[in-house]
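*Asks:* File structure20.cif below, mmCIF, C-alpha atoms:
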```cif
data_target
#
loop_
_atom_site.label_atom_id
_atom_site.label_comp_id
_atom_site.auth_asym_id
_atom_site.auth_seq_id
_atom_site.Cartn_x
_atom_site.Cartn_y
_atom_site.Cartn_z
CA MET A 13 -1.08 28.09 30.58
CA SER A 14 2.68 27.67 30.83
CA ALA A 15 3.29 31.41 31.22
CA ASN A 16 1.94 31.52 34.79
CA THR A 17 2.16 29.54 38.02
CA PHE A 18 -1.27 27.94 37.59
CA GLY A 19 -0.26 26.04 34.44
CA ASN A 20 1.15 22.58 35.10
CA ALA A 21 1.46 19.19 33.49
CA GLY A 22 2.43 15.91 35.05
CA PHE A 23 1.57 12.39 36.04
CA SER A 24 -0.72 11.60 38.97
CA VAL A 25 -0.21 8.14 40.50
CA LEU A 26 -2.58 6.87 43.19
CA LEU A 27 -1.90 3.57 44.93
CA PRO A 28 -4.64 1.15 46.03
CA GLY A 29 -6.14 2.19 49.36
CA ALA A 30 -5.13 5.85 48.93
CA ARG A 31 -7.60 8.69 49.34
CA LEU A 32 -7.13 12.43 48.77
CA GLU A 33 -9.58 14.24 51.01
CA GLY A 34 -11.68 17.14 49.82
CA ARG A 35 -9.80 20.14 48.53
CA CYS A 36 -10.17 22.99 46.04
CA GLY A 37 -7.73 24.14 43.38
CA PRO A 38 -6.23 27.66 43.62
CA THR A 39 -8.17 29.25 40.76
CA ASN A 40 -11.20 28.91 38.48
CA ALA A 41 -9.22 30.36 35.55
CA ARG A 42 -8.19 26.87 34.46
CA VAL A 43 -9.63 23.46 33.75
CA ARG A 44 -7.60 20.31 34.21
CA CYS A 45 -7.49 17.72 31.47
CA HIS A 46 -7.08 14.20 32.91
CA LEU A 47 -5.93 11.60 30.39
CA GLY A 48 -6.61 8.15 31.83
CA LEU A 49 -3.56 5.92 31.32
CA LYS A 50 -4.28 3.11 33.81
CA ILE A 51 -7.66 3.10 35.54
CA PRO A 52 -8.24 0.02 37.71
CA PRO A 53 -11.68 -0.81 39.10
CA GLY A 54 -12.63 1.04 42.28
CA CYS A 55 -11.11 4.41 41.38
CA GLU A 56 -13.31 7.42 41.93
CA LEU A 57 -13.27 11.16 41.43
CA VAL A 58 -16.05 13.33 42.86
CA VAL A 59 -16.13 17.02 41.85
CA GLY A 60 -18.67 19.37 43.40
CA GLY A 61 -20.61 16.37 44.69
CA GLU A 62 -20.87 14.81 41.21
CA PRO A 63 -19.10 11.49 40.47
CA GLN A 64 -16.84 11.62 37.41
CA CYS A 65 -15.49 8.67 35.42
CA TRP A 66 -11.97 8.22 34.11
CA ALA A 67 -11.48 5.92 31.12
CA GLU A 68 -8.20 4.65 29.74
CA GLY A 69 -7.21 6.55 26.62
CA HIS A 70 -9.85 9.25 27.14
CA CYS A 71 -9.72 12.80 28.48
CA LEU A 72 -11.88 14.15 31.28
CA LEU A 73 -12.08 17.93 31.84
CA VAL A 74 -12.32 18.94 35.49
CA ASP A 75 -12.77 22.36 37.11
CA ASP A 76 -10.75 21.68 40.25
CA SER A 77 -11.79 24.98 41.84
CA PHE A 78 -14.80 22.96 43.05
CA LEU A 79 -14.39 20.77 46.12
CA HIS A 80 -13.13 17.39 44.93
CA THR A 81 -12.01 14.06 46.34
CA VAL A 82 -10.06 11.19 44.78
CA ALA A 83 -9.90 7.59 45.98
CA HIS A 84 -8.51 4.24 44.83
CA ASN A 85 -10.68 1.60 46.49
CA GLY A 86 -9.20 -1.26 44.49
CA SER A 87 -7.05 -4.11 45.73
CA PRO A 88 -3.23 -4.16 45.73
CA GLU A 89 -3.37 -6.59 42.78
CA ASP A 90 -5.08 -3.88 40.70
CA GLY A 91 -1.97 -1.69 40.81
CA PRO A 92 -1.92 2.11 40.74
CA ARG A 93 -4.26 4.52 39.01
CA VAL A 94 -2.23 6.63 36.57
CA VAL A 95 -3.51 9.85 34.98
CA PHE A 96 -1.63 12.48 32.96
CA ILE A 97 -2.88 15.97 33.90
CA VAL A 98 -2.53 19.13 31.78
CA ASP A 99 -3.88 22.53 32.80
CA LEU A 100 -5.79 24.50 30.16
CA TRP A 101 -7.34 27.94 30.20
CA HIS A 102 -10.97 27.91 31.28
CA PRO A 103 -12.98 28.72 28.12
CA ASN A 104 -14.71 31.65 29.86
CA VAL A 105 -11.41 33.48 30.48
CA ALA A 106 -10.99 36.10 27.76
CA GLY A 107 -7.69 36.88 26.03
CA ALA A 108 -7.13 40.14 27.90
CA GLU A 109 -7.75 38.38 31.21
CA ARG A 110 -5.27 35.66 30.25
CA GLN A 111 -2.60 38.27 29.54
CA ALA A 112 -3.25 39.99 32.88
CA LEU A 113 -3.07 36.69 34.77
CA ASP A 114 0.15 35.74 32.98
CA PHE A 115 1.65 39.10 34.04
CA VAL A 116 0.48 38.95 37.67
CA PHE A 117 1.26 35.25 38.23
CA ALA A 118 4.45 34.92 36.16
CA PRO A 119 6.71 32.19 37.52
CA ASP A 120 9.89 33.20 39.30
CA PRO A 121 12.86 33.42 36.89
#
```
Take the structure I supplied and represent it as structure tokens, if you would.

*Replies:*
Amino acid sequence: MSANTFGNAGFSVLLPGARLEGRCGPTNARVRCHLGLKIPPGCELVVGGEPQCWAEGHCLLVDDSFLHTVAHNGSPEDGPRVVFIVDLWHPNVAGAERQALDFVFAPDP
């Protein structure tokens, strides 16, 4: 998804005691792949009212267009939760739709 503004990749670091209140992503044309790098106890992700589970060394696909919350309820000794996130095309978005979205939402030069 690198040809449009909805495609991103990066690290997400959440410190103990932090909480990201409910929010929705900007589009349902993508899914986010979360690769768990460091997942201490007490970390939670709830998407569309359904709890999801990160695991170190494993990927979790998330449609962030649904209301979602993230929290790290662990102790300071647990350290941060670290996830690498990569945006991928939603499998239901056809090739022609991908091309149109890339054209309409091309990043600024």

*Asks:* Would you kindly identify which residues have an atom no farther than 9 Å from (-2.6, 6.6, 33.6), using only C-alpha atoms and the file's own coordinates, and write them out as a tab-separated table (two decimals) with C-alpha atoms, in the coordinates of the input?

*Replies:*
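Saved the output as point.tsv:
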```
chain	number	residue	atom	x	y	z
A	23	PHE	CA	1.57	12.39	36.04
A	24	SER	CA	-0.72	11.60	38.97
A	25	VAL	CA	-0.21	8.14	40.50
A	46	HIS	CA	-7.08	14.20	32.91
A	47	LEU	CA	-5.93	11.60	30.39
A	48	GLY	CA	-6.61	8.15	31.83
A	49	LEU	CA	-3.56	5.92	31.32
A	50	LYS	CA	-4.28	3.11	33.81
A	51	ILE	CA	-7.66	3.10	35.54
A	68	GLU	CA	-8.20	4.65	29.74
A	69	GLY	CA	-7.21	6.55	26.62
A	92	PRO	CA	-1.92	2.11	40.74
A	93	ARG	CA	-4.26	4.52	39.01
A	94	VAL	CA	-2.23	6.63	36.57
A	95	VAL	CA	-3.51	9.85	34.98
A	96	PHE	CA	-1.63	12.48	32.96
```

*Asks:* When you draw a straight line from CA of Pro103 (chain A) to CA of Glu56 (chain A), how long is it in Å?

*Replies:*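 Separation between CA of Pro103 (chain A) and CA of Glu56 (chain A): 25.4 Å.
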
*Asks:* Can you turn the PyMOL selection byres ((chain A and resi 78) around 8) into a concrete residue list for this file, as an MDAnalysis selection string?

*Replies:* chainID A and resid 35:37 59:60 75:77 79:80

*Asks:* Between CA of Val43 (chain A) and CA of Ala118 (chain A), what is the spacing in Å?

*Replies:* 18.3 Å

*Asks:* Quote the spacing between CA of Arg110 (chain A) and CA of Gly61 (chain A) in Å to one decimal place.

*Replies:*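 Taking CA of Arg110 (chain A) and CA of Gly61 (chain A), their separation equals 28.6 Å.
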
*Asks:* Apply the PyMOL selection byres ((chain A and resi 86) around 7) to the structure shown and report the selected residues as an mmCIF file with C-alpha atoms, in the coordinates of the input.

*Replies:*
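Heads up, here's the output in out.cif:
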```
data_model
loop_
_atom_site.group_PDB
_atom_site.id
_atom_site.type_symbol
_atom_site.label_atom_id
_atom_site.label_comp_id
_atom_site.auth_asym_id
_atom_site.auth_seq_id
_atom_site.Cartn_x
_atom_site.Cartn_y
_atom_site.Cartn_z
ATOM 1 C CA PRO A 28 -4.640 1.150 46.030
ATOM 2 C CA GLY A 29 -6.140 2.190 49.360
ATOM 3 C CA PRO A 52 -8.240 0.020 37.710
ATOM 4 C CA PRO A 53 -11.680 -0.810 39.100
ATOM 5 C CA GLY A 54 -12.630 1.040 42.280
ATOM 6 C CA CYS A 55 -11.110 4.410 41.380
ATOM 7 C CA HIS A 84 -8.510 4.240 44.830
ATOM 8 C CA ASN A 85 -10.680 1.600 46.490
ATOM 9 C CA SER A 87 -7.050 -4.110 45.730
ATOM 10 C CA PRO A 88 -3.230 -4.160 45.730
ATOM 11 C CA ASP A 90 -5.080 -3.880 40.700
#
```

*Asks:* Rank A:Ala108, A:Leu100, A:Ala67, A:Val58 by their smallest atom-to-atom distance to Asn20 (chain A), using all atoms listed in the file, and report the top residue only.

*Replies:*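 Selected residue with least distance to Asn20 (chain A): A:Leu100.
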
*Asks:* Find the spatial neighbours of Arg31 (chain A), counting all atoms listed in the file, within a cut-off of 9 Å - ignore same-chain residues fewer than 4 positions away - and output them as a PDB file with C-alpha atoms, keeping the file's coordinate frame.

*Replies:*
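Written file, part23.pdb:
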```
ATOM      1  CA  LEU A  26      -2.580   6.870  43.190  1.00  0.00           C
ATOM      2  CA  LEU A  27      -1.900   3.570  44.930  1.00  0.00           C
ATOM      3  CA  THR A  81     -12.010  14.060  46.340  1.00  0.00           C
ATOM      4  CA  VAL A  82     -10.060  11.190  44.780  1.00  0.00           C
ATOM      5  CA  ALA A  83      -9.900   7.590  45.980  1.00  0.00           C
ATOM      6  CA  HIS A  84      -8.510   4.240  44.830  1.00  0.00           C
ATOM      7  CA  ASN A  85     -10.680   1.600  46.490  1.00  0.00           C
TER       8      ASN A  85
END
```

*Asks:* For a quick check of understanding, using only C-alpha atoms, which of A:Asn104, A:Leu57, A:Phe117, A:Ile97 has the smallest distance to Pro38 (chain A)?

*Replies:*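 Using only C-alpha atoms, the shortest distance to Pro38 (chain A) belongs to A:Phe117.
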
*Asks:* Looking at A:Val74, A:Ala41, A:Pro119, A:Cys65, which one is nearest to Ala106 (chain A), with distances taken over all atoms listed in the file?

*Replies:*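 Looking at the shortest contact to Ala106 (chain A), the residue is A:Ala41.
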
*Asks:* Once you've located region 109-121 of chain A in the structure I gave, write it as a PDB file, in the first residue's frame, keeping all heavy atoms.

*Replies:*
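Written out: part_38.pdb:
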```pdb
ATOM      1  N   GLU A 109      -9.919  -1.214  -7.990  1.00  0.00           N
ATOM      2  CA  GLU A 109     -10.178  -0.313  -6.860  1.00  0.00           C
ATOM      3  C   GLU A 109      -8.862   0.149  -6.227  1.00  0.00           C
ATOM      4  O   GLU A 109      -8.738   1.326  -5.848  1.00  0.00           O
ATOM      5  CB  GLU A 109     -11.031  -1.017  -5.808  1.00  0.00           C
ATOM      6  CG  GLU A 109     -12.439  -1.338  -6.283  1.00  0.00           C
ATOM      7  CD  GLU A 109     -13.179  -2.241  -5.322  1.00  0.00           C
ATOM      8  OE1 GLU A 109     -12.598  -3.269  -4.889  1.00  0.00           O
ATOM      9  OE2 GLU A 109     -14.334  -1.931  -5.005  1.00  0.00           O
ATOM     10  N   ARG A 110      -7.895  -0.740  -6.149  1.00  0.00           N
ATOM     11  CA  ARG A 110      -6.585  -0.369  -5.613  1.00  0.00           C
ATOM     12  C   ARG A 110      -5.937   0.724  -6.457  1.00  0.00           C
ATOM     13  O   ARG A 110      -5.394   1.691  -5.929  1.00  0.00           O
ATOM     14  CB  ARG A 110      -5.667  -1.585  -5.553  1.00  0.00           C
ATOM     15  CG  ARG A 110      -6.095  -2.619  -4.564  1.00  0.00           C
ATOM     16  CD  ARG A 110      -5.194  -3.834  -4.608  1.00  0.00           C
ATOM     17  NE  ARG A 110      -5.720  -4.871  -3.737  1.00  0.00           N
ATOM     18  CZ  ARG A 110      -5.093  -5.984  -3.452  1.00  0.00           C
ATOM     19  NH1 ARG A 110      -3.906  -6.229  -3.986  1.00  0.00           N
ATOM     20  NH2 ARG A 110      -5.635  -6.864  -2.649  1.00  0.00           N
ATOM     21  N   GLN A 111      -6.004   0.558  -7.771  1.00  0.00           N
ATOM     22  CA  GLN A 111      -5.431   1.567  -8.666  1.00  0.00           C
ATOM     23  C   GLN A 111      -6.132   2.911  -8.499  1.00  0.00           C
ATOM     24  O   GLN A 111      -5.475   3.960  -8.462  1.00  0.00           O
ATOM     25  CB  GLN A 111      -5.521   1.098 -10.124  1.00  0.00           C
ATOM     26  CG  GLN A 111      -4.572  -0.024 -10.445  1.00  0.00           C
ATOM     27  CD  GLN A 111      -4.719  -0.491 -11.888  1.00  0.00           C
ATOM     28  OE1 GLN A 111      -5.760  -0.297 -12.518  1.00  0.00           O
ATOM     29  NE2 GLN A 111      -3.675  -1.122 -12.407  1.00  0.00           N
ATOM     30  N   ALA A 112      -7.447   2.905  -8.382  1.00  0.00           N
ATOM     31  CA  ALA A 112      -8.200   4.150  -8.201  1.00  0.00           C
ATOM     32  C   ALA A 112      -7.825   4.809  -6.875  1.00  0.00           C
ATOM     33  O   ALA A 112      -7.635   6.019  -6.811  1.00  0.00           O
ATOM     34  CB  ALA A 112      -9.700   3.874  -8.279  1.00  0.00           C
ATOM     35  N   LEU A 113      -7.729   4.038  -5.810  1.00  0.00           N
ATOM     36  CA  LEU A 113      -7.362   4.579  -4.508  1.00  0.00           C
ATOM     37  C   LEU A 113      -5.937   5.130  -4.518  1.00  0.00           C
ATOM     38  O   LEU A 113      -5.670   6.174  -3.917  1.00  0.00           O
ATOM     39  CB  LEU A 113      -7.537   3.527  -3.415  1.00  0.00           C
ATOM     40  CG  LEU A 113      -8.987   3.164  -3.077  1.00  0.00           C
ATOM     41  CD1 LEU A 113      -9.038   1.907  -2.229  1.00  0.00           C
ATOM     42  CD2 LEU A 113      -9.674   4.323  -2.369  1.00  0.00           C
ATOM     43  N   ASP A 114      -5.029   4.433  -5.197  1.00  0.00           N
ATOM     44  CA  ASP A 114      -3.651   4.933  -5.302  1.00  0.00           C
ATOM     45  C   ASP A 114      -3.636   6.289  -6.029  1.00  0.00           C
ATOM     46  O   ASP A 114      -2.863   7.181  -5.665  1.00  0.00           O
ATOM     47  CB  ASP A 114      -2.762   3.948  -6.054  1.00  0.00           C
ATOM     48  CG  ASP A 114      -2.343   2.763  -5.209  1.00  0.00           C
ATOM     49  OD1 ASP A 114      -2.491   2.823  -3.975  1.00  0.00           O
ATOM     50  OD2 ASP A 114      -1.873   1.762  -5.791  1.00  0.00           O
ATOM     51  N   PHE A 115      -4.474   6.442  -7.056  1.00  0.00           N
ATOM     52  CA  PHE A 115      -4.524   7.693  -7.815  1.00  0.00           C
ATOM     53  C   PHE A 115      -5.110   8.817  -6.960  1.00  0.00           C
ATOM     54  O   PHE A 115      -4.557   9.911  -6.855  1.00  0.00           O
ATOM     55  CB  PHE A 115      -5.338   7.506  -9.088  1.00  0.00           C
ATOM     56  CG  PHE A 115      -5.473   8.763  -9.890  1.00  0.00           C
ATOM     57  CD1 PHE A 115      -4.427   9.233 -10.666  1.00  0.00           C
ATOM     58  CD2 PHE A 115      -6.656   9.487  -9.855  1.00  0.00           C
ATOM     59  CE1 PHE A 115      -4.549  10.407 -11.389  1.00  0.00           C
ATOM     60  CE2 PHE A 115      -6.786  10.666 -10.576  1.00  0.00           C
ATOM     61  CZ  PHE A 115      -5.725  11.127 -11.349  1.00  0.00           C
ATOM     62  N   VAL A 116      -6.252   8.528  -6.313  1.00  0.00           N
ATOM     63  CA  VAL A 116      -6.958   9.566  -5.552  1.00  0.00           C
ATOM     64  C   VAL A 116      -6.177   9.976  -4.296  1.00  0.00           C
ATOM     65  O   VAL A 116      -6.133  11.148  -3.933  1.00  0.00           O
ATOM     66  CB  VAL A 116      -8.376   9.078  -5.168  1.00  0.00           C
ATOM     67  CG1 VAL A 116      -9.053  10.042  -4.216  1.00  0.00           C
ATOM     68  CG2 VAL A 116      -9.218   8.873  -6.414  1.00  0.00           C
ATOM     69  N   PHE A 117      -5.549   9.010  -3.627  1.00  0.00           N
ATOM     70  CA  PHE A 117      -4.884   9.276  -2.349  1.00  0.00           C
ATOM     71  C   PHE A 117      -3.360   9.204  -2.459  1.00  0.00           C
ATOM     72  O   PHE A 117      -2.688   8.809  -1.506  1.00  0.00           O
ATOM     73  CB  PHE A 117      -5.390   8.314  -1.272  1.00  0.00           C
ATOM     74  CG  PHE A 117      -6.832   8.517  -0.962  1.00  0.00           C
ATOM     75  CD1 PHE A 117      -7.784   7.623  -1.428  1.00  0.00           C
ATOM     76  CD2 PHE A 117      -7.246   9.604  -0.224  1.00  0.00           C
ATOM     77  CE1 PHE A 117      -9.129   7.801  -1.149  1.00  0.00           C
ATOM     78  CE2 PHE A 117      -8.595   9.789   0.069  1.00  0.00           C
ATOM     79  CZ  PHE A 117      -9.544   8.885  -0.409  1.00  0.00           C
ATOM     80  N   ALA A 118      -2.827   9.586  -3.620  1.00  0.00           N
ATOM     81  CA  ALA A 118      -1.368   9.597  -3.794  1.00  0.00           C
ATOM     82  C   ALA A 118      -0.739  10.563  -2.793  1.00  0.00           C
ATOM     83  O   ALA A 118      -1.286  11.644  -2.549  1.00  0.00           O
ATOM     84  CB  ALA A 118      -1.012  10.004  -5.211  1.00  0.00           C
ATOM     85  N   PRO A 119       0.388  10.174  -2.185  1.00  0.00           N
ATOM     86  CA  PRO A 119       1.041  11.096  -1.259  1.00  0.00           C
ATOM     87  C   PRO A 119       1.558  12.335  -1.971  1.00  0.00           C
ATOM     88  O   PRO A 119       1.840  12.309  -3.165  1.00  0.00           O
ATOM     89  CB  PRO A 119       2.197  10.282  -0.675  1.00  0.00           C
ATOM     90  CG  PRO A 119       2.293   9.052  -1.474  1.00  0.00           C
ATOM     91  CD  PRO A 119       1.068   8.924  -2.327  1.00  0.00           C
ATOM     92  N   ASP A 120       1.672  13.415  -1.212  1.00  0.00           N
ATOM     93  CA  ASP A 120       2.233  14.644  -1.784  1.00  0.00           C
ATOM     94  C   ASP A 120       3.673  14.392  -2.204  1.00  0.00           C
ATOM     95  O   ASP A 120       4.423  13.701  -1.509  1.00  0.00           O
ATOM     96  CB  ASP A 120       2.200  15.776  -0.758  1.00  0.00           C
ATOM     97  CG  ASP A 120       0.766  16.203  -0.442  1.00  0.00           C
ATOM     98  OD1 ASP A 120      -0.093  16.091  -1.325  1.00  0.00           O
ATOM     99  OD2 ASP A 120       0.533  16.641   0.695  1.00  0.00           O
ATOM    100  N   PRO A 121       4.092  14.985  -3.349  1.00  0.00           N
ATOM    101  CA  PRO A 121       5.469  14.768  -3.823  1.00  0.00           C
ATOM    102  C   PRO A 121       6.506  15.406  -2.916  1.00  0.00           C
ATOM    103  O   PRO A 121       6.318  16.200  -2.136  1.00  0.00           O
ATOM    104  CB  PRO A 121       5.492  15.407  -5.195  1.00  0.00           C
ATOM    105  CG  PRO A 121       4.248  16.181  -5.331  1.00  0.00           C
ATOM    106  CD  PRO A 121       3.326  15.789  -4.243  1.00  0.00           C
TER     107      PRO A 121
END
```
